[in-house]
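> One file is attached below, model-v2.pdb, containing PDB, C-alpha atoms.
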```
ATOM      1  CA  MET A1112       7.717   8.984 -13.587
ATOM      2  CA  LYS A1113      10.691   7.570 -11.746
ATOM      3  CA  LYS A1114      12.979   8.417  -8.902
ATOM      4  CA  SER A1115      16.438   9.471 -10.049
ATOM      5  CA  LEU A1116      18.864   6.927  -8.675
ATOM      6  CA  SER A1117      22.451   5.877  -9.248
ATOM      7  CA  LEU A1118      21.977   2.268 -10.302
ATOM      8  CA  LEU A1119      24.345  -0.584  -9.481
ATOM      9  CA  PHE A1120      23.300  -3.677 -11.408
ATOM     10  CA  ILE A1121      23.718  -7.004  -9.675
ATOM     11  CA  LEU A1122      23.460  -9.727 -12.260
ATOM     12  CA  PHE A1123      23.678 -13.471 -12.180
ATOM     13  CA  ALA A1124      23.653 -15.967 -15.049
ATOM     14  CA  ILE A1125      21.493 -18.988 -15.748
ATOM     15  CA  CYS A1126      22.906 -21.558 -18.154
ATOM     16  CA  PHE A1127      21.060 -24.361 -19.885
ATOM     17  CA  SER A1128      21.296 -26.468 -23.015
ATOM     18  CA  PHE A1129      19.691 -24.565 -25.878
ATOM     19  CA  SER A1130      19.465 -27.706 -28.012
ATOM     20  CA  GLN A1131      16.738 -29.074 -25.730
ATOM     21  CA  ILE A1132      14.409 -26.116 -26.397
ATOM     22  CA  LYS A1133      11.942 -26.250 -29.235
ATOM     23  CA  LYS A1134       9.554 -23.512 -30.239
ATOM     24  CA  GLU A1135       6.616 -25.899 -30.360
ATOM     25  CA  ASP A1136       7.317 -27.038 -26.789
ATOM     26  CA  ILE A1137       6.921 -23.552 -25.400
ATOM     27  CA  LYS A1138       3.341 -22.828 -24.389
ATOM     28  CA  PHE A1139       3.425 -19.725 -22.273
ATOM     29  CA  ASP A1140       0.598 -17.468 -21.152
ATOM     30  CA  LYS A1141       2.042 -14.353 -19.522
ATOM     31  CA  LYS A1142      -1.248 -13.452 -17.834
ATOM     32  CA  GLU A1143      -1.545 -16.908 -16.320
ATOM     33  CA  TYR A1144       2.060 -16.818 -15.158
ATOM     34  CA  LEU A1145       1.564 -13.369 -13.620
ATOM     35  CA  LYS A1146      -1.492 -14.728 -11.815
ATOM     36  CA  GLU A1147       0.468 -17.740 -10.577
ATOM     37  CA  VAL A1148       3.392 -15.773  -9.103
ATOM     38  CA  SER A1149       1.020 -13.112  -7.733
ATOM     39  CA  ASP A1150      -1.140 -15.731  -6.039
ATOM     40  CA  ASN A1151       1.998 -17.077  -4.382
ATOM     41  CA  ALA A1152       2.849 -13.567  -3.184
ATOM     42  CA  CYS A1153      -0.726 -13.085  -1.937
ATOM     43  CA  LYS A1154      -0.530 -16.257   0.165
ATOM     44  CA  CYS A1155       2.713 -15.003   1.665
ATOM     45  CA  ILE A1156       1.164 -11.587   2.413
ATOM     46  CA  ASP A1157      -1.842 -13.251   4.018
ATOM     47  CA  SER A1158       0.506 -14.859   6.537
ATOM     48  CA  VAL A1159       2.032 -11.521   7.621
ATOM     49  CA  ASN A1160       1.251 -10.807  11.273
ATOM     50  CA  THR A1161       0.327  -7.117  11.713
ATOM     51  CA  TYR A1162      -0.314  -7.142  15.463
ATOM     52  CA  ASN A1163       1.543  -4.321  17.238
ATOM     53  CA  LYS A1164       3.632  -3.490  14.157
ATOM     54  CA  VAL A1165       4.137  -0.070  12.600
ATOM     55  CA  VAL A1166       3.168   0.458   8.957
ATOM     56  CA  ASP A1167       6.688   0.517   7.514
ATOM     57  CA  SER A1168       7.478  -2.798   9.223
ATOM     58  CA  ILE A1169       4.368  -4.365   7.655
ATOM     59  CA  SER A1170       5.283  -2.848   4.273
ATOM     60  CA  SER A1171       8.755  -4.343   4.511
ATOM     61  CA  GLU A1172       7.325  -7.836   5.061
ATOM     62  CA  ILE A1173       4.903  -7.391   2.152
ATOM     63  CA  HIS A1174       7.822  -6.249  -0.010
ATOM     64  CA  SER A1175       9.715  -9.435   0.853
ATOM     65  CA  CYS A1176       6.745 -11.521  -0.306
ATOM     66  CA  ILE A1177       6.656  -9.713  -3.670
ATOM     67  CA  ASP A1178      10.449  -9.653  -4.016
ATOM     68  CA  LYS A1179      10.632 -13.452  -3.877
ATOM     69  CA  GLN A1180       8.233 -13.700  -6.806
ATOM     70  CA  ALA A1181       9.672 -10.780  -8.835
ATOM     71  CA  VAL A1182      12.899 -12.645  -9.636
ATOM     72  CA  ALA A1183      10.991 -15.829 -10.529
ATOM     73  CA  TYR A1184       8.621 -13.817 -12.735
ATOM     74  CA  GLN A1185      11.518 -12.089 -14.515
ATOM     75  CA  MET A1186      13.217 -15.452 -15.073
ATOM     76  CA  GLY A1187      10.060 -17.041 -16.486
ATOM     77  CA  ILE A1188       9.457 -14.183 -18.916
ATOM     78  CA  LYS A1189      13.024 -14.262 -20.195
ATOM     79  CA  LEU A1190      13.205 -18.038 -20.504
ATOM     80  CA  THR A1191      10.163 -18.150 -22.756
ATOM     81  CA  ASN A1192      11.143 -15.319 -25.083
ATOM     82  CA  ILE A1193      12.433 -17.716 -27.788
ATOM     83  CA  LYS A1194      13.431 -14.998 -30.260
ATOM     84  CA  ASP A1195      15.789 -13.373 -27.766
ATOM     85  CA  LEU A1196      17.120 -16.755 -26.719
ATOM     86  CA  GLU A1197      18.116 -17.607 -30.279
ATOM     87  CA  LYS A1198      20.094 -14.375 -30.529
ATOM     88  CA  LEU A1199      21.891 -15.104 -27.265
ATOM     89  CA  ALA A1200      22.844 -18.717 -28.133
ATOM     90  CA  LYS A1201      26.582 -19.439 -28.187
ATOM     91  CA  GLU A1202      28.578 -22.566 -29.041
ATOM     92  CA  VAL A1203      30.338 -23.951 -25.952
ATOM     93  CA  ASN A1204      32.167 -27.311 -26.145
ATOM     94  CA  GLY A1205      30.011 -28.438 -29.038
ATOM     95  CA  LYS A1206      26.747 -27.422 -27.388
ATOM     96  CA  LYS A1207      24.640 -24.296 -27.713
ATOM     97  CA  GLU A1208      24.313 -22.562 -24.372
ATOM     98  CA  ILE A1209      22.679 -19.349 -23.263
ATOM     99  CA  ASN A1210      23.456 -16.987 -20.432
ATOM    100  CA  ILE A1211      20.353 -15.125 -19.287
ATOM    101  CA  SER A1212      20.977 -12.134 -17.042
ATOM    102  CA  ILE A1213      18.465 -11.839 -14.200
ATOM    103  CA  ASN A1214      18.568  -8.437 -12.551
ATOM    104  CA  SER A1215      17.984  -8.813  -8.811
ATOM    105  CA  ASN A1216      18.881  -5.245  -7.849
ATOM    106  CA  SER A1217      15.695  -3.739  -6.416
ATOM    107  CA  ASP A1218      16.878  -0.217  -7.329
ATOM    108  CA  SER A1219      17.156  -0.982 -11.033
ATOM    109  CA  ASN A1220      14.469  -0.016 -13.520
ATOM    110  CA  GLU A1221      14.482  -3.509 -15.033
ATOM    111  CA  TYR A1222      13.772  -5.152 -11.670
ATOM    112  CA  LYS A1223      11.097  -2.567 -10.837
ATOM    113  CA  LYS A1224       9.291  -3.317 -14.100
ATOM    114  CA  TYR A1225       8.653  -6.931 -13.061
ATOM    115  CA  TYR A1226       8.111  -6.076  -9.397
ATOM    116  CA  TYR A1227       5.513  -3.399 -10.196
ATOM    117  CA  GLU A1228       3.601  -5.707 -12.541
ATOM    118  CA  ILE A1229       3.115  -8.137  -9.648
ATOM    119  CA  GLU A1230       2.369  -5.328  -7.215
ATOM    120  CA  SER A1231      -0.285  -3.829  -9.522
ATOM    121  CA  TYR A1232      -1.925  -7.219  -9.966
ATOM    122  CA  LEU A1233      -2.004  -7.714  -6.191
ATOM    123  CA  MET A1234      -3.549  -4.303  -5.568
ATOM    124  CA  GLN A1235      -6.420  -5.291  -7.862
ATOM    125  CA  ASN A1236      -6.813  -8.945  -6.956
ATOM    126  CA  CYS A1237      -5.383  -9.659  -3.490
ATOM    127  CA  GLN A1238      -7.588  -8.485  -0.625
ATOM    128  CA  SER A1239      -4.902  -9.350   1.926
ATOM    129  CA  ILE A1240      -2.485  -6.708   0.673
ATOM    130  CA  LYS A1241      -4.972  -3.897   1.313
ATOM    131  CA  THR A1242      -6.090  -5.339   4.640
ATOM    132  CA  LYS A1243      -2.543  -5.775   5.926
ATOM    133  CA  ILE A1244      -1.208  -2.408   4.794
ATOM    134  CA  ALA A1245      -4.231  -0.608   6.273
ATOM    135  CA  SER A1246      -3.784  -2.262   9.681
ATOM    136  CA  ASN A1247      -3.269  -0.009  12.684
ATOM    137  CA  ASP A1248      -2.727  -2.616  15.371
ATOM    138  CA  VAL A1249       0.007  -0.838  17.307
ATOM    139  CA  VAL A1250      -0.835  -1.333  20.974
ATOM    140  CA  GLY A1251      -0.757   1.709  23.234
ATOM    141  CA  GLU A1252      -0.910   1.817  27.011
ATOM    142  CA  ARG A1253      -4.727   2.055  26.986
ATOM    143  CA  SER A1254      -5.439   0.192  23.747
ATOM    144  CA  GLU A1255      -6.391  -3.086  25.383
ATOM    145  CA  THR A1256      -8.147  -4.108  28.558
ATOM    146  CA  LYS A1257      -7.769  -6.704  31.304
ATOM    147  CA  ASN A1258     -11.458  -6.594  32.195
ATOM    148  CA  HIS A1259     -12.918 -10.003  31.299
ATOM    149  CA  GLU A1260     -16.442  -8.679  30.638
ATOM    150  CA  ALA A1261     -15.095  -5.947  28.378
ATOM    151  CA  ILE A1262     -13.037  -8.520  26.471
ATOM    152  CA  LYS A1263     -16.081 -10.793  26.120
ATOM    153  CA  TYR A1264     -18.249  -8.091  24.558
ATOM    154  CA  TYR A1265     -15.381  -6.774  22.427
ATOM    155  CA  ASN A1266     -14.833 -10.243  20.950
ATOM    156  CA  LEU A1267     -18.563 -10.566  20.256
ATOM    157  CA  GLY A1268     -18.341  -7.228  18.468
ATOM    158  CA  GLN A1269     -15.403  -8.500  16.431
ATOM    159  CA  ASP A1270     -17.447 -11.534  15.363
ATOM    160  CA  GLU A1271     -20.242  -9.269  14.101
ATOM    161  CA  PHE A1272     -17.746  -6.907  12.467
ATOM    162  CA  ARG A1273     -16.268  -9.760  10.433
ATOM    163  CA  LYS A1274     -19.793 -10.533   9.193
ATOM    164  CA  ASP A1275     -20.341  -6.857   8.260
ATOM    165  CA  ASN A1276     -23.072  -6.604  10.923
ATOM    166  CA  PHE A1277     -21.871  -3.156  11.947
ATOM    167  CA  THR A1278     -24.959  -2.076  13.909
ATOM    168  CA  LYS A1279     -24.826  -5.214  16.064
ATOM    169  CA  ALA A1280     -21.058  -4.861  16.422
ATOM    170  CA  ILE A1281     -21.486  -1.325  17.784
ATOM    171  CA  GLU A1282     -23.925  -2.639  20.414
ATOM    172  CA  TYR A1283     -21.281  -5.060  21.687
ATOM    173  CA  TYR A1284     -18.452  -2.505  21.582
ATOM    174  CA  LYS A1285     -20.593  -0.081  23.601
ATOM    175  CA  LYS A1286     -21.168  -2.803  26.200
ATOM    176  CA  ALA A1287     -17.410  -3.354  26.316
ATOM    177  CA  VAL A1288     -16.720   0.292  27.215
ATOM    178  CA  VAL A1289     -19.356   0.133  29.972
ATOM    179  CA  PHE A1290     -17.071  -2.343  31.737
ATOM    180  CA  ASP A1291     -13.886  -0.438  30.845
ATOM    181  CA  SER A1292     -14.342   3.211  29.889
ATOM    182  CA  ASN A1293     -10.648   3.434  28.930
ATOM    183  CA  PHE A1294     -10.796   0.633  26.341
ATOM    184  CA  ALA A1295      -9.467   2.599  23.349
ATOM    185  CA  PHE A1296      -9.723  -0.234  20.802
ATOM    186  CA  ALA A1297     -13.451  -0.542  21.484
ATOM    187  CA  PHE A1298     -13.988   3.184  20.826
ATOM    188  CA  ASP A1299     -11.874   2.895  17.655
ATOM    189  CA  ASN A1300     -14.115   0.137  16.364
ATOM    190  CA  ILE A1301     -17.281   2.041  17.255
ATOM    191  CA  GLY A1302     -15.857   4.791  15.064
ATOM    192  CA  ILE A1303     -14.995   2.453  12.199
ATOM    193  CA  CYS A1304     -18.429   0.800  12.241
ATOM    194  CA  SER A1305     -20.231   4.145  12.487
ATOM    195  CA  ARG A1306     -18.301   5.460   9.491
ATOM    196  CA  LYS A1307     -19.152   2.357   7.465
ATOM    197  CA  LEU A1308     -22.826   2.967   8.296
ATOM    198  CA  GLY A1309     -22.531   6.597   7.161
ATOM    199  CA  ASN A1310     -22.938   7.975  10.701
ATOM    200  CA  TYR A1311     -19.966  10.328  10.477
ATOM    201  CA  ASP A1312     -20.745  12.452  13.536
ATOM    202  CA  ASP A1313     -20.970   9.306  15.668
ATOM    203  CA  ALA A1314     -17.695   8.103  14.196
ATOM    204  CA  ILE A1315     -15.933  11.389  14.996
ATOM    205  CA  GLU A1316     -17.320  11.335  18.537
ATOM    206  CA  ALA A1317     -15.984   7.786  19.063
ATOM    207  CA  TYR A1318     -12.553   8.681  17.677
ATOM    208  CA  GLU A1319     -12.383  11.762  19.916
ATOM    209  CA  LYS A1320     -13.152   9.609  22.968
ATOM    210  CA  SER A1321     -10.389   7.233  21.939
ATOM    211  CA  LEU A1322      -7.945  10.122  21.537
ATOM    212  CA  LYS A1323      -8.749  11.413  25.024
ATOM    213  CA  ILE A1324      -7.683   8.001  26.311
ATOM    214  CA  ASP A1325      -4.646   7.698  24.018
ATOM    215  CA  PRO A1326      -3.727  10.973  22.213
ATOM    216  CA  LYS A1327      -1.204   9.069  20.077
ATOM    217  CA  GLY A1328      -3.594   6.401  18.817
ATOM    218  CA  LEU A1329      -2.882   5.938  15.102
ATOM    219  CA  THR A1330      -6.252   4.376  14.253
ATOM    220  CA  PRO A1331      -8.403   7.291  15.494
ATOM    221  CA  LEU A1332      -5.952   9.916  14.234
ATOM    222  CA  GLN A1333      -6.051   8.500  10.715
ATOM    223  CA  ASN A1334      -9.708   7.553  10.603
ATOM    224  CA  ILE A1335     -11.064  10.812  12.010
ATOM    225  CA  ALA A1336      -9.564  12.518   8.956
ATOM    226  CA  ILE A1337     -11.447  10.116   6.676
ATOM    227  CA  ALA A1338     -14.667  10.798   8.587
ATOM    228  CA  TYR A1339     -14.257  14.550   8.057
ATOM    229  CA  ILE A1340     -13.671  13.986   4.331
ATOM    230  CA  SER A1341     -16.831  11.868   4.188
ATOM    231  CA  LYS A1342     -18.685  14.790   5.809
ATOM    232  CA  LYS A1343     -17.177  17.092   3.150
ATOM    233  CA  ASP A1344     -15.483  19.097   5.904
ATOM    234  CA  TYR A1345     -12.215  19.201   4.026
ATOM    235  CA  LYS A1346     -10.388  21.816   6.095
ATOM    236  CA  LYS A1347     -10.912  19.761   9.247
ATOM    237  CA  GLY A1348      -9.750  16.743   7.268
ATOM    238  CA  VAL A1349      -6.461  18.519   6.496
ATOM    239  CA  LYS A1350      -6.131  19.545  10.151
ATOM    240  CA  ALA A1351      -6.712  15.949  11.258
ATOM    241  CA  TYR A1352      -3.922  14.714   8.990
ATOM    242  CA  GLU A1353      -1.650  17.451  10.362
ATOM    243  CA  ASN A1354      -2.396  16.159  13.869
ATOM    244  CA  LEU A1355      -1.428  12.669  12.714
ATOM    245  CA  ALA A1356       1.852  14.096  11.371
ATOM    246  CA  LYS A1357       2.741  15.399  14.851
ATOM    247  CA  VAL A1358       2.580  11.847  16.171
ATOM    248  CA  ASP A1359       3.799   9.942  13.089
ATOM    249  CA  PRO A1360       5.677  12.308  10.717
ATOM    250  CA  LYS A1361       6.950   9.448   8.532
ATOM    251  CA  ASN A1362       3.448   8.151   7.839
ATOM    252  CA  PRO A1363       2.868   8.570   4.071
ATOM    253  CA  GLU A1364      -0.908   8.525   4.631
ATOM    254  CA  VAL A1365      -0.552  12.027   6.104
ATOM    255  CA  TYR A1366       0.760  13.475   2.871
ATOM    256  CA  TYR A1367      -1.322  11.315   0.568
ATOM    257  CA  GLY A1368      -4.453  12.267   2.526
ATOM    258  CA  ILE A1369      -3.695  15.991   2.401
ATOM    259  CA  GLY A1370      -2.669  15.756  -1.254
ATOM    260  CA  ASN A1371      -5.865  13.913  -2.096
ATOM    261  CA  ILE A1372      -8.008  16.584  -0.405
ATOM    262  CA  TYR A1373      -6.282  19.407  -2.287
ATOM    263  CA  ALA A1374      -6.381  17.522  -5.596
ATOM    264  CA  GLN A1375      -9.921  16.133  -5.500
ATOM    265  CA  TYR A1376     -11.889  18.671  -3.489
ATOM    266  CA  LEU A1377     -10.105  21.992  -2.857
ATOM    267  CA  LEU A1378      -8.522  22.002  -6.356
ATOM    268  CA  ASP A1379      -5.261  23.552  -5.180
ATOM    269  CA  TYR A1380      -3.002  21.470  -7.407
ATOM    270  CA  GLU A1381       0.320  22.945  -6.273
ATOM    271  CA  LYS A1382      -0.328  22.088  -2.624
ATOM    272  CA  ALA A1383      -1.693  18.743  -3.737
ATOM    273  CA  LEU A1384       1.421  17.938  -5.755
ATOM    274  CA  ASP A1385       3.901  18.853  -3.034
ATOM    275  CA  ASN A1386       2.134  16.575  -0.539
ATOM    276  CA  LEU A1387       1.697  13.747  -3.043
ATOM    277  CA  CYS A1388       5.394  13.848  -3.888
ATOM    278  CA  GLN A1389       6.238  13.507  -0.197
ATOM    279  CA  ALA A1390       3.802  10.593   0.053
ATOM    280  CA  TYR A1391       5.313   8.961  -3.047
ATOM    281  CA  ASN A1392       8.842   9.198  -1.670
ATOM    282  CA  LEU A1393       7.800   7.725   1.675
ATOM    283  CA  TYR A1394       5.873   4.904  -0.001
ATOM    284  CA  VAL A1395       8.964   4.067  -2.084
ATOM    285  CA  GLU A1396      11.230   4.289   0.962
ATOM    286  CA  GLN A1397       8.911   2.005   2.943
ATOM    287  CA  LYS A1398       8.331  -0.294  -0.049
ATOM    288  CA  SER A1399       4.590   0.251   0.240
ATOM    289  CA  PRO A1400       2.301  -0.932  -2.577
ATOM    290  CA  TYR A1401       0.369   2.326  -2.227
ATOM    291  CA  ARG A1402       3.191   3.954  -4.181
ATOM    292  CA  SER A1403       1.109   3.285  -7.300
ATOM    293  CA  ASP A1404      -1.866   5.220  -5.883
ATOM    294  CA  ALA A1405       0.312   8.280  -5.273
ATOM    295  CA  GLU A1406       1.779   7.979  -8.768
ATOM    296  CA  THR A1407      -1.705   7.773 -10.322
ATOM    297  CA  LEU A1408      -2.865  10.902  -8.490
ATOM    298  CA  ILE A1409       0.339  12.781  -9.368
ATOM    299  CA  ASN A1410      -0.304  12.018 -13.043
ATOM    300  CA  ARG A1411      -3.864  13.288 -12.677
ATOM    301  CA  VAL A1412      -2.574  16.522 -11.097
ATOM    302  CA  ASN A1413      -0.091  16.808 -13.964
ATOM    303  CA  LYS A1414      -2.949  16.812 -16.504
ATOM    304  CA  GLU A1415      -4.793  19.529 -14.582
ATOM    305  CA  MET A1416      -1.696  21.711 -14.219
ATOM    306  CA  LYS A1417      -0.966  21.342 -17.941
ATOM    307  CA  LYS A1418      -4.472  22.647 -18.661
ATOM    308  CA  GLN A1419      -3.644  25.663 -16.483
ATOM    309  CA  GLY A1420      -0.315  26.227 -18.255
ATOM    310  CA  LYS A1421       1.629  25.291 -15.123
ATOM    311  CA  GLU A1422       3.777  22.491 -16.506
ATOM    312  CA  ALA A1423       6.973  24.306 -15.480
ATOM    313  CA  ILE A1424       5.710  24.632 -11.904
ATOM    314  CA  PHE A1425       4.788  20.932 -11.916
ATOM    315  CA  ASN A1426       8.338  19.983 -12.935
ATOM    316  CA  GLU A1427       9.795  22.395 -10.394
ATOM    317  CA  ILE A1428       7.833  20.797  -7.535
ATOM    318  CA  LEU A1429       8.917  17.328  -8.668
ATOM    319  CA  LYS A1430      12.533  18.488  -8.781
ATOM    320  CA  LYS A1431      12.253  19.944  -5.272
ATOM    321  CA  ASN A1432      11.108  16.532  -4.081
ATOM    322  CA  HIS A1433      13.931  14.739  -5.949
ATOM    323  CA  ILE A1434      11.596  13.119  -8.466
ATOM    324  CA  SER A1435      12.170  13.313 -12.204
ATOM    325  CA  PRO A1436       9.334  13.087 -14.750
ATOM    326  CA  GLU A1437       9.572  10.390 -17.430
TER     327      GLU A1437
END
```
Could you spell out this file's structure in structure tokens?


Amino acid sequence: MKKSLSLLFILFAICFSFSQIKKEDIKFDKKEYLKEVSDNACKCIDSVNTYNKVVDSISSEIHSCIDKQAVAYQMGIKLTNIKDLEKLAKEVNGKKEINISINSNSDSNEYKKYYYEIESYLMQNCQSIKTKIASNDVVGERSETKNHEAIKYYNLGQDEFRKDNFTKAIEYYKKAVVFDSNFAFAFDNIGICSRKLGNYDDAIEAYEKSLKIDPKGLTPLQNIAIAYISKKDYKKGVKAYENLAKVDPKNPEVYYGIGNIYAQYLLDYEKALDNLCQAYNLYVEQKSPYRSDAETLINRVNKEMKKQGKEAIFNEILKKNHISPE
């Protein structure tokens, strides 16, 4: 599946002396090279500061980290393809030289091929990419606190959270809100820890308290939907995502979340597909690595709709969302 785009190729040439290259000198392991460039991208992503940044801003910085490696990866692959190099060799002033075209246009299919290989590797092997893209550190008016005791207990909670001691972390977060009952971040983290412990009702209660303090808080709006899904209350999960859309209509998690509920649990594949297509387009627009997740689920929906004899409807929904099937 690909987005239909009018492509303008931006090419540049790399020249080198072909006579210096010998087949026996080339020892190239594509998997190792992919790991090397991806590890470089992962280090770059790890340095991205997410504090008080919206998701598409974080995605843009992650994209820049991958983009830097995508061109290098493309160059390395092409330089070591000796059979193609031999075909491209030309005599220039008594020497054999080769021009290798490296496509740096991010809208081109050739560029995307190399970019997506790195992105897929990172999604499987780089913890930072998932941590950074899932961050909801946008600071609202009531997100933080100036109360020193509340800050002290909140930081103690953060220490326990980082060690996965969620029960102990909750104890500290609850002490923090004793000193500042409007400390939204503390309630958010009570919710997150409660959900990780499987206490979904407690999580929902904490998120609702946070939303009373800051009705536009992205962390509770997004996570309360996940808590409802965990409780198997799917209709409330959809409603929660719709509430998130009122505050953040360009958030692809809204449409991916709703699409996922309809695809996995309510089995309404047409509604699922329409939402997943919207999520896919937003992920692409925001250069988010979660584009691949939406694509995977769209392909799964495609299989189910084919079984139901609804392939024409599937293609129609894709067309409506300006996506063309492969």

> Nearest to Arg1273 of chain A among A:Cys1304, A:Leu1377, A:Ala1287, A:Ala1423, with distances taken over only C-alpha atoms: which residue is it?

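Under the stated criterion, the closest residue is A:Cys1304.
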
> At a cut-off of 12 Å from (-7.8, 11.1, 7.4) in the coordinates of the file, what residues are picked up using all atoms listed in the file, written as an MDAnalysis selection string?

chainID A and resid 1315 1318 1329:1356 1362:1372

> Segment 1291-1295 of chain A: which residues within 10 Å, counting all atoms listed in the file, same-chain residues fewer than 6 positions away excluded, as an NGL selection string?

:A and (1250-1262 or 1265 or 1284-1285 or 1301 or 1317-1318 or 1320-1325 or 1328 or 1330-1331)

> Could you save those same residues with C-alpha atoms as a PDB file, in the coordinates of the input?


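Now in selection.pdb:
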```pdb
ATOM      1  CA  VAL A1250      -0.835  -1.333  20.974  1.00  0.00           C
ATOM      2  CA  GLY A1251      -0.757   1.709  23.234  1.00  0.00           C
ATOM      3  CA  GLU A1252      -0.910   1.817  27.011  1.00  0.00           C
ATOM      4  CA  ARG A1253      -4.727   2.055  26.986  1.00  0.00           C
ATOM      5  CA  SER A1254      -5.439   0.192  23.747  1.00  0.00           C
ATOM      6  CA  GLU A1255      -6.391  -3.086  25.383  1.00  0.00           C
ATOM      7  CA  THR A1256      -8.147  -4.108  28.558  1.00  0.00           C
ATOM      8  CA  LYS A1257      -7.769  -6.704  31.304  1.00  0.00           C
ATOM      9  CA  ASN A1258     -11.458  -6.594  32.195  1.00  0.00           C
ATOM     10  CA  HIS A1259     -12.918 -10.003  31.299  1.00  0.00           C
ATOM     11  CA  GLU A1260     -16.442  -8.679  30.638  1.00  0.00           C
ATOM     12  CA  ALA A1261     -15.095  -5.947  28.378  1.00  0.00           C
ATOM     13  CA  ILE A1262     -13.037  -8.520  26.471  1.00  0.00           C
ATOM     14  CA  TYR A1265     -15.381  -6.774  22.427  1.00  0.00           C
ATOM     15  CA  TYR A1284     -18.452  -2.505  21.582  1.00  0.00           C
ATOM     16  CA  LYS A1285     -20.593  -0.081  23.601  1.00  0.00           C
ATOM     17  CA  ILE A1301     -17.281   2.041  17.255  1.00  0.00           C
ATOM     18  CA  ALA A1317     -15.984   7.786  19.063  1.00  0.00           C
ATOM     19  CA  TYR A1318     -12.553   8.681  17.677  1.00  0.00           C
ATOM     20  CA  LYS A1320     -13.152   9.609  22.968  1.00  0.00           C
ATOM     21  CA  SER A1321     -10.389   7.233  21.939  1.00  0.00           C
ATOM     22  CA  LEU A1322      -7.945  10.122  21.537  1.00  0.00           C
ATOM     23  CA  LYS A1323      -8.749  11.413  25.024  1.00  0.00           C
ATOM     24  CA  ILE A1324      -7.683   8.001  26.311  1.00  0.00           C
ATOM     25  CA  ASP A1325      -4.646   7.698  24.018  1.00  0.00           C
ATOM     26  CA  GLY A1328      -3.594   6.401  18.817  1.00  0.00           C
ATOM     27  CA  THR A1330      -6.252   4.376  14.253  1.00  0.00           C
ATOM     28  CA  PRO A1331      -8.403   7.291  15.494  1.00  0.00           C
TER      29      PRO A1331
END
```

> Which of these, A:Asn1236, A:Ser1231, A:Thr1242, A:Asn1214, has the shortest distance to Val1159 of chain A once you count all atoms listed in the file?

A:Thr1242

> Using the file's own x, y and z axes, what box holds all listed atoms of segment 1364-1370 of chain A with 3 Å on each side, keeping edges along x, y and z, and what are its centre and edge lengths in Å to one decimal, as lines of an AutoDock Vina configuration file?


```
center_x = -1.8
center_y = 12.3
center_z = 2.4
size_x = 11.2
size_y = 13.5
size_z = 13.4
```

> Written as a list in words, what is the full residue list that the PyMOL selection byres ((chain A and resi 1416) around 12) yields on the file shown?

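Expected selection for the PyMOL selection byres ((chain A and resi 1416) around 12) here is Ala1374, Leu1378, Asp1379, Tyr1380, Glu1381, Lys1382, Ala1383, Leu1384, Ile1409, Asn1410, Arg1411, Val1412, Asn1413, Lys1414, Glu1415, Lys1417, Lys1418, Gln1419, Gly1420, Lys1421, Glu1422, Ala1423, Ile1424, Phe1425, Asn1426 and Ile1428 of chain A.
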
> Find, counting only C-alpha atoms, the residue in A:Ile1244, A:Leu1233, A:Ala1297, A:Ile1188 that gets nearest to Asp1140 of chain A.

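For Asp1140 of chain A, the nearest of the given residues is A:Ile1188.
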